[in-house]
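Shown next: work_34.txt, given as compact mmCIF, C-alpha atoms.
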```txt
# COMPACT_ATOMS: atom_id res chain seq x y z
CA MET A 1 0.00 0.00 0.00
CA CYS A 2 1.08 3.52 -0.67
CA PHE A 3 -0.52 6.88 -0.11
CA LEU A 4 -0.91 9.43 -2.89
CA GLU A 5 -2.15 12.87 -1.99
CA GLY A 6 -4.06 11.58 1.01
CA GLN A 7 -5.70 8.68 -0.84
CA GLU A 8 -4.90 5.10 -0.07
CA VAL A 9 -3.92 3.22 -3.21
CA ALA A 10 -3.74 -0.54 -3.04
CA SER A 11 -1.80 -1.50 -6.13
CA ALA A 12 1.21 -3.32 -7.42
CA PRO A 13 4.60 -1.62 -7.15
CA PHE A 14 4.63 -1.08 -10.93
CA THR A 15 1.33 0.83 -10.89
CA ALA A 16 2.37 2.77 -7.79
CA ALA A 17 5.69 3.78 -9.38
CA ILE A 18 3.83 5.05 -12.45
CA MET A 19 1.29 6.97 -10.38
CA VAL A 20 3.93 8.81 -8.38
CA GLY A 21 6.00 9.48 -11.49
CA CYS A 22 9.07 7.59 -10.31
CA THR A 23 10.79 6.97 -13.64
CA PRO A 24 13.81 5.12 -12.17
CA ALA A 25 11.52 2.66 -10.37
CA VAL A 26 9.41 2.14 -13.51
CA SER A 27 12.58 1.56 -15.52
CA ALA A 28 13.93 -0.95 -13.00
CA LEU A 29 10.63 -2.84 -12.80
CA LEU A 30 10.35 -2.87 -16.61
CA SER A 31 13.86 -4.30 -16.85
CA VAL A 32 13.17 -7.01 -14.31
CA LEU A 33 9.84 -8.02 -15.83
CA CYS A 34 11.19 -8.01 -19.39
CA SER A 35 14.24 -10.06 -18.34
CA LEU A 36 11.80 -12.64 -16.95
CA GLY A 37 10.02 -12.75 -20.32
CA GLU A 38 6.96 -10.96 -18.95
CA TYR A 39 5.82 -8.57 -21.68
CA GLY A 40 2.03 -8.60 -21.37
CA PHE A 41 2.06 -6.68 -18.11
CA VAL A 42 2.32 -3.33 -19.92
CA ASN A 43 -1.17 -3.91 -21.34
CA ARG A 44 -2.70 -5.55 -18.27
CA GLN A 45 -5.24 -3.71 -16.15
CA ASP A 46 -4.69 -3.38 -12.45
CA PRO A 47 -7.47 -4.48 -10.02
CA ASP A 48 -9.11 -1.06 -10.48
CA GLY A 49 -9.25 -1.46 -14.27
CA ARG A 50 -6.45 1.04 -14.96
CA LEU A 51 -3.78 0.54 -17.61
CA PRO A 52 -0.14 1.58 -17.12
CA LEU A 53 -0.03 3.87 -20.17
CA VAL A 54 -3.28 5.63 -19.22
CA LEU A 55 -1.88 6.25 -15.73
CA ALA A 56 1.47 7.45 -17.09
CA ALA A 57 -0.22 9.81 -19.55
CA GLY A 58 -2.20 11.30 -16.68
CA THR A 59 0.97 12.08 -14.73
CA GLY A 60 2.51 13.87 -17.71
CA ASN A 61 5.69 11.83 -17.44
CA VAL A 62 6.96 11.57 -21.04
CA ALA A 63 9.89 9.33 -20.11
CA THR A 64 7.61 6.78 -18.44
CA CYS A 65 5.19 6.86 -21.39
CA ALA A 66 8.07 6.34 -23.83
CA MET A 67 9.41 3.40 -21.77
CA LEU A 68 5.98 1.76 -21.66
CA ILE A 69 5.48 2.18 -25.41
CA ALA A 70 8.96 0.78 -26.08
CA ALA A 71 8.04 -2.20 -23.87
CA GLY A 72 4.93 -2.84 -25.98
CA ALA A 73 2.15 -0.75 -24.41
CA HIS A 74 -0.67 -0.14 -26.87
CA VAL A 75 -1.23 3.55 -27.64
CA MET A 76 -4.81 2.84 -28.76
CA CYS A 77 -5.87 1.04 -25.59
CA PHE A 78 -8.93 1.43 -23.41
CA ASP A 79 -8.91 0.71 -19.71
CA GLY A 80 -11.70 -0.85 -17.68
CA ASN A 81 -13.33 2.56 -17.26
CA GLY A 82 -13.34 3.33 -20.99
CA GLY A 83 -10.43 5.75 -20.67
CA CYS A 84 -7.48 5.94 -23.03
CA PRO A 85 -4.04 7.58 -22.91
CA LEU A 86 -4.99 10.53 -25.15
CA GLN A 87 -8.04 11.20 -23.02
CA GLN A 88 -5.75 12.44 -20.26
CA PRO A 89 -4.55 15.55 -22.19
CA ALA A 90 -8.18 16.18 -23.24
CA ARG A 91 -9.05 17.50 -19.80
CA PRO A 92 -9.49 21.11 -18.76
CA ASP A 93 -6.21 22.68 -17.61
CA ALA A 94 -4.16 19.84 -19.09
CA ARG A 95 -1.70 22.03 -21.00
CA SER A 96 1.14 20.50 -18.98
CA LEU A 97 0.34 17.17 -20.68
CA GLU A 98 1.16 18.52 -24.17
CA PRO A 99 4.55 16.71 -24.36
CA VAL A 100 2.81 13.41 -23.57
CA ALA A 101 0.14 14.18 -26.18
CA ARG A 102 2.85 14.88 -28.78
CA LEU A 103 4.49 11.51 -28.04
CA LEU A 104 1.19 9.61 -28.23
CA VAL A 105 0.03 11.32 -31.44
CA ALA A 106 3.44 10.68 -33.04
CA HIS A 107 2.93 6.96 -32.35
CA LEU A 108 -0.64 7.14 -33.66
CA LYS A 109 0.67 8.64 -36.89
CA GLN A 110 3.14 5.74 -37.23
CA ILE A 111 0.36 3.22 -36.66
CA TYR A 112 -1.79 5.09 -39.19
CA GLU A 113 0.79 4.38 -41.89
CA GLU A 114 0.21 0.62 -41.48
CA ARG A 115 -3.35 0.44 -40.17
CA PRO A 116 -5.30 3.61 -41.07
CA ALA A 117 -8.75 2.10 -40.56
CA GLU A 118 -7.88 1.03 -37.02
CA VAL A 119 -6.61 4.51 -36.11
CA LEU A 120 -9.65 6.21 -37.62
CA GLU A 121 -11.97 3.87 -35.72
CA TYR A 122 -10.08 4.69 -32.52
CA LEU A 123 -10.36 8.44 -33.12
CA HIS A 124 -14.05 8.29 -34.04
CA LYS A 125 -15.06 6.05 -31.14
CA PRO A 126 -17.03 7.97 -28.52
CA ARG A 127 -15.52 7.87 -25.05
CA PRO A 128 -17.48 7.82 -21.79
CA GLY A 129 -19.88 10.72 -22.11
CA GLY A 130 -20.42 10.12 -25.83
CA LEU A 131 -17.69 12.42 -27.16
CA THR A 132 -14.75 11.63 -29.43
CA LEU A 133 -11.22 12.60 -28.41
CA VAL A 134 -11.29 15.78 -30.49
CA GLN A 135 -14.67 16.79 -29.10
CA MET A 136 -13.40 16.21 -25.55
CA ALA A 137 -10.29 18.28 -26.29
CA ALA A 138 -12.40 21.03 -27.82
CA PHE A 139 -14.74 21.22 -24.84
CA ALA A 140 -11.75 21.21 -22.48
CA GLN A 141 -10.22 24.04 -24.54
CA ALA A 142 -7.16 21.85 -25.18
CA ASP A 143 -6.35 23.46 -28.54
CA PHE A 144 -2.93 21.83 -28.61
CA LEU A 145 -4.51 18.36 -28.65
CA VAL A 146 -7.12 19.27 -31.27
CA GLU A 147 -4.35 20.59 -33.52
CA LEU A 148 -2.17 17.50 -32.94
CA LEU A 149 -5.04 15.13 -33.78
CA ALA A 150 -5.86 17.18 -36.88
CA GLN A 151 -2.46 16.14 -38.29
CA ILE A 152 -3.78 12.60 -38.76
CA PRO A 153 -5.35 12.42 -42.24
CA MET A 154 -9.10 11.94 -42.14
CA GLN A 155 -11.73 12.13 -44.85
CA LEU A 156 -14.12 15.06 -44.72
CA ASN A 157 -17.75 14.15 -45.28
CA LEU A 158 -20.34 16.83 -44.57
CA THR A 159 -23.33 15.05 -46.08
CA HIS A 160 -25.70 14.27 -43.22
CA THR A 161 -23.20 12.24 -41.25
CA ALA A 162 -22.62 11.96 -37.56
CA ALA A 163 -20.01 14.27 -36.03
CA THR A 164 -16.44 13.04 -36.48
CA PRO A 165 -13.23 14.58 -35.20
CA LEU A 166 -12.51 16.28 -38.50
CA ARG A 167 -15.98 17.77 -38.71
CA ILE A 168 -15.16 19.93 -35.73
CA VAL A 169 -11.54 20.65 -36.60
CA CYS A 170 -11.45 23.43 -39.13
CA GLU A 171 -10.57 27.05 -39.65
CA VAL A 172 -13.54 28.85 -38.08
CA ARG A 173 -13.42 29.25 -34.32
CA CYS A 174 -16.59 29.44 -32.27
CA THR A 175 -16.94 32.63 -30.25
CA TRP A 176 -17.38 31.07 -26.82
CA ALA A 177 -14.16 29.07 -26.62
CA PRO A 178 -11.18 27.96 -28.69
CA VAL A 179 -13.33 25.29 -30.31
CA TYR A 180 -13.16 24.64 -34.02
CA CYS A 181 -16.51 24.44 -35.80
CA LEU A 182 -17.42 24.04 -39.43
CA GLY A 183 -20.55 26.11 -39.01
CA CYS A 184 -22.58 23.61 -41.01
CA SER A 185 -26.09 22.46 -40.17
CA TYR A 186 -25.27 18.77 -39.74
CA GLY A 187 -24.62 18.54 -36.04
CA CYS A 188 -21.30 20.17 -35.29
CA LEU A 189 -23.01 23.43 -34.29
CA SER A 190 -24.08 21.57 -31.16
CA LEU A 191 -20.53 22.17 -29.94
CA ARG A 192 -21.32 25.81 -29.35
CA HIS A 193 -21.97 26.72 -25.78
CA PRO A 194 -25.62 27.57 -25.13
CA LYS A 195 -26.05 31.25 -24.36
```
As structure tokens:
Amino acid sequence: MCFLEGQEVASAPFTAAIMVGCTPAVSALLSVLCSLGEYGFVNRQDPDGRLPLVLAAGTGNVATCAMLIAAGAHVMCFDGNGGCPLQQPARPDARSLEPVARLLVAHLKQIYEERPAEVLEYLHKPRPGGLTLVQMAAFAQADFLVELLAQIPMQLNLTHTAATPLRIVCEVRCTWAPVYCLGCSYGCLSLRHPK
């Protein structure tokens, strides 16, 4: 057991090291586990349904995220709560997570080269609350994440289709927040804040 900011956390040493941002401990545990031939642990949920990469992304520790990815952690993973690594930077006041977001999006772009359909499905999949990653980032005013995700090629289809990340990433900014909106009548206007 360890205590993080007044909360008791019953978890394995690996999860605890990630949560407190102790990169040397994560590195040592990764080395030991990999030397024992244990590779699946980087994609295994803890008893609370959390994944190592999702936890690391939430701490903003780029070195830990990079180590986990190098050890085989899936960038396009979902934990037991429906969360994913890129969901962490899509929170309000998450500007400090931009370096982690850059790392994760860079890996997404590499995956896109080999498996574009899988990446597009991942980006278009609604998260808890019914929003896609770009929509979450837009509502959280995480412009940096919206702009990073916009670098992944997506097809634009404005003909009576459901909202997709690209439908809300464009050149016209809504007046209420740094949210990108196409200004069309097919659903993306719902992103505007009600007056």
Using all atoms listed in the file, determine which residues lie at most 8 Å from Ala25 of chain A, disregarding the query and same-chain residues fewer than 4 positions distant; provide the list as a PyMOL selection string.
chain A and resi 14+17+29
So how many Å separate atom CA of Asp48 of chain A and atom CA of His124 of chain A, to one decimal?
25.8 Å
Please determine the residues with any atom at most 12 Å from (-10.5, 22.6, -13.8) (coordinates as given in the file, with only C-alpha atoms counting) and report them as a list in words.
Ala90, Arg91, Pro92, Asp93, Ala94, Arg95, Phe139, Ala140, Gln141 and Ala142 of chain A
Which residues are close to Leu148 of chain A, i.e. within 9 Å by only C-alpha atoms, leaving aside same-chain residues fewer than 2 positions away? Reply as a ChimeraX atom specification.
/A:101-102,105-106,143-146,150-152
Let's have the selection written as a JSON list (two decimals), in the coordinates of the input, with C-alpha atoms.
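Result went into selection16.json, see below:
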```
[["chain", "number", "residue", "atom", "x", "y", "z"],
["A", 101, "ALA", "CA", 0.14, 14.18, -26.18],
["A", 102, "ARG", "CA", 2.85, 14.88, -28.78],
["A", 105, "VAL", "CA", 0.03, 11.32, -31.44],
["A", 106, "ALA", "CA", 3.44, 10.68, -33.04],
["A", 143, "ASP", "CA", -6.35, 23.46, -28.54],
["A", 144, "PHE", "CA", -2.93, 21.83, -28.61],
["A", 145, "LEU", "CA", -4.51, 18.36, -28.65],
["A", 146, "VAL", "CA", -7.12, 19.27, -31.27],
["A", 150, "ALA", "CA", -5.86, 17.18, -36.88],
["A", 151, "GLN", "CA", -2.46, 16.14, -38.29],
["A", 152, "ILE", "CA", -3.78, 12.60, -38.76]]
```
Do you have the atom CA of Ser96 of chain A-atom CA of Gly129 of chain A distance handy?
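Those two atoms sit 23.4 Å apart.
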With distances taken over only C-alpha atoms, which residue among A:Ala138, A:Pro153, A:Lys109, A:Leu51 lies nearest Cys65 of chain A?
A:Leu51
Just the number, please: distance in Å from atom CA of Val42 of chain A to atom CA of Ala73 of chain A, one decimal.
5.2 Å
Give as an mmCIF file with C-alpha atoms, in the frame of the given file every residue, naming chains and numbers as the document does, that has an atom within 12 Å of (10.5, 0.7, -16.2), counting all atoms listed in the file.
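As a result, point.cif now contains:
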```cif
data_model
loop_
_atom_site.group_PDB
_atom_site.id
_atom_site.type_symbol
_atom_site.label_atom_id
_atom_site.label_comp_id
_atom_site.auth_asym_id
_atom_site.auth_seq_id
_atom_site.Cartn_x
_atom_site.Cartn_y
_atom_site.Cartn_z
ATOM 1 C CA PRO A 13 4.600 -1.620 -7.150
ATOM 2 C CA PHE A 14 4.630 -1.080 -10.930
ATOM 3 C CA THR A 15 1.330 0.830 -10.890
ATOM 4 C CA ALA A 16 2.370 2.770 -7.790
ATOM 5 C CA ALA A 17 5.690 3.780 -9.380
ATOM 6 C CA ILE A 18 3.830 5.050 -12.450
ATOM 7 C CA GLY A 21 6.000 9.480 -11.490
ATOM 8 C CA CYS A 22 9.070 7.590 -10.310
ATOM 9 C CA THR A 23 10.790 6.970 -13.640
ATOM 10 C CA PRO A 24 13.810 5.120 -12.170
ATOM 11 C CA ALA A 25 11.520 2.660 -10.370
ATOM 12 C CA VAL A 26 9.410 2.140 -13.510
ATOM 13 C CA SER A 27 12.580 1.560 -15.520
ATOM 14 C CA ALA A 28 13.930 -0.950 -13.000
ATOM 15 C CA LEU A 29 10.630 -2.840 -12.800
ATOM 16 C CA LEU A 30 10.350 -2.870 -16.610
ATOM 17 C CA SER A 31 13.860 -4.300 -16.850
ATOM 18 C CA VAL A 32 13.170 -7.010 -14.310
ATOM 19 C CA LEU A 33 9.840 -8.020 -15.830
ATOM 20 C CA CYS A 34 11.190 -8.010 -19.390
ATOM 21 C CA SER A 35 14.240 -10.060 -18.340
ATOM 22 C CA TYR A 39 5.820 -8.570 -21.680
ATOM 23 C CA PHE A 41 2.060 -6.680 -18.110
ATOM 24 C CA VAL A 42 2.320 -3.330 -19.920
ATOM 25 C CA PRO A 52 -0.140 1.580 -17.120
ATOM 26 C CA LEU A 53 -0.030 3.870 -20.170
ATOM 27 C CA ALA A 56 1.470 7.450 -17.090
ATOM 28 C CA ALA A 63 9.890 9.330 -20.110
ATOM 29 C CA THR A 64 7.610 6.780 -18.440
ATOM 30 C CA CYS A 65 5.190 6.860 -21.390
ATOM 31 C CA ALA A 66 8.070 6.340 -23.830
ATOM 32 C CA MET A 67 9.410 3.400 -21.770
ATOM 33 C CA LEU A 68 5.980 1.760 -21.660
ATOM 34 C CA ILE A 69 5.480 2.180 -25.410
ATOM 35 C CA ALA A 70 8.960 0.780 -26.080
ATOM 36 C CA ALA A 71 8.040 -2.200 -23.870
ATOM 37 C CA GLY A 72 4.930 -2.840 -25.980
ATOM 38 C CA ALA A 73 2.150 -0.750 -24.410
#
```
Measuring between only C-alpha atoms, which one of A:Ala117, A:Val100, A:Ala12, A:Ile111 shows the shortest distance to Pro47 of chain A?
A:Ala12
Using all atoms listed in the file, which residue out of A:Met19, A:Val134, A:Val75, A:Leu104 lies closest to Arg50 of chain A?
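Counting all atoms listed in the file, the residue closest to Arg50 of chain A is A:Met19.
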Using only C-alpha atoms, which of the listed residues (A:Gln135, A:Leu103, A:Tyr112, A:Leu55) sits closest to Phe78 of chain A?
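Of A:Gln135, A:Leu103, A:Tyr112, A:Leu55, the one nearest Phe78 of chain A is A:Leu55, counting only C-alpha atoms.
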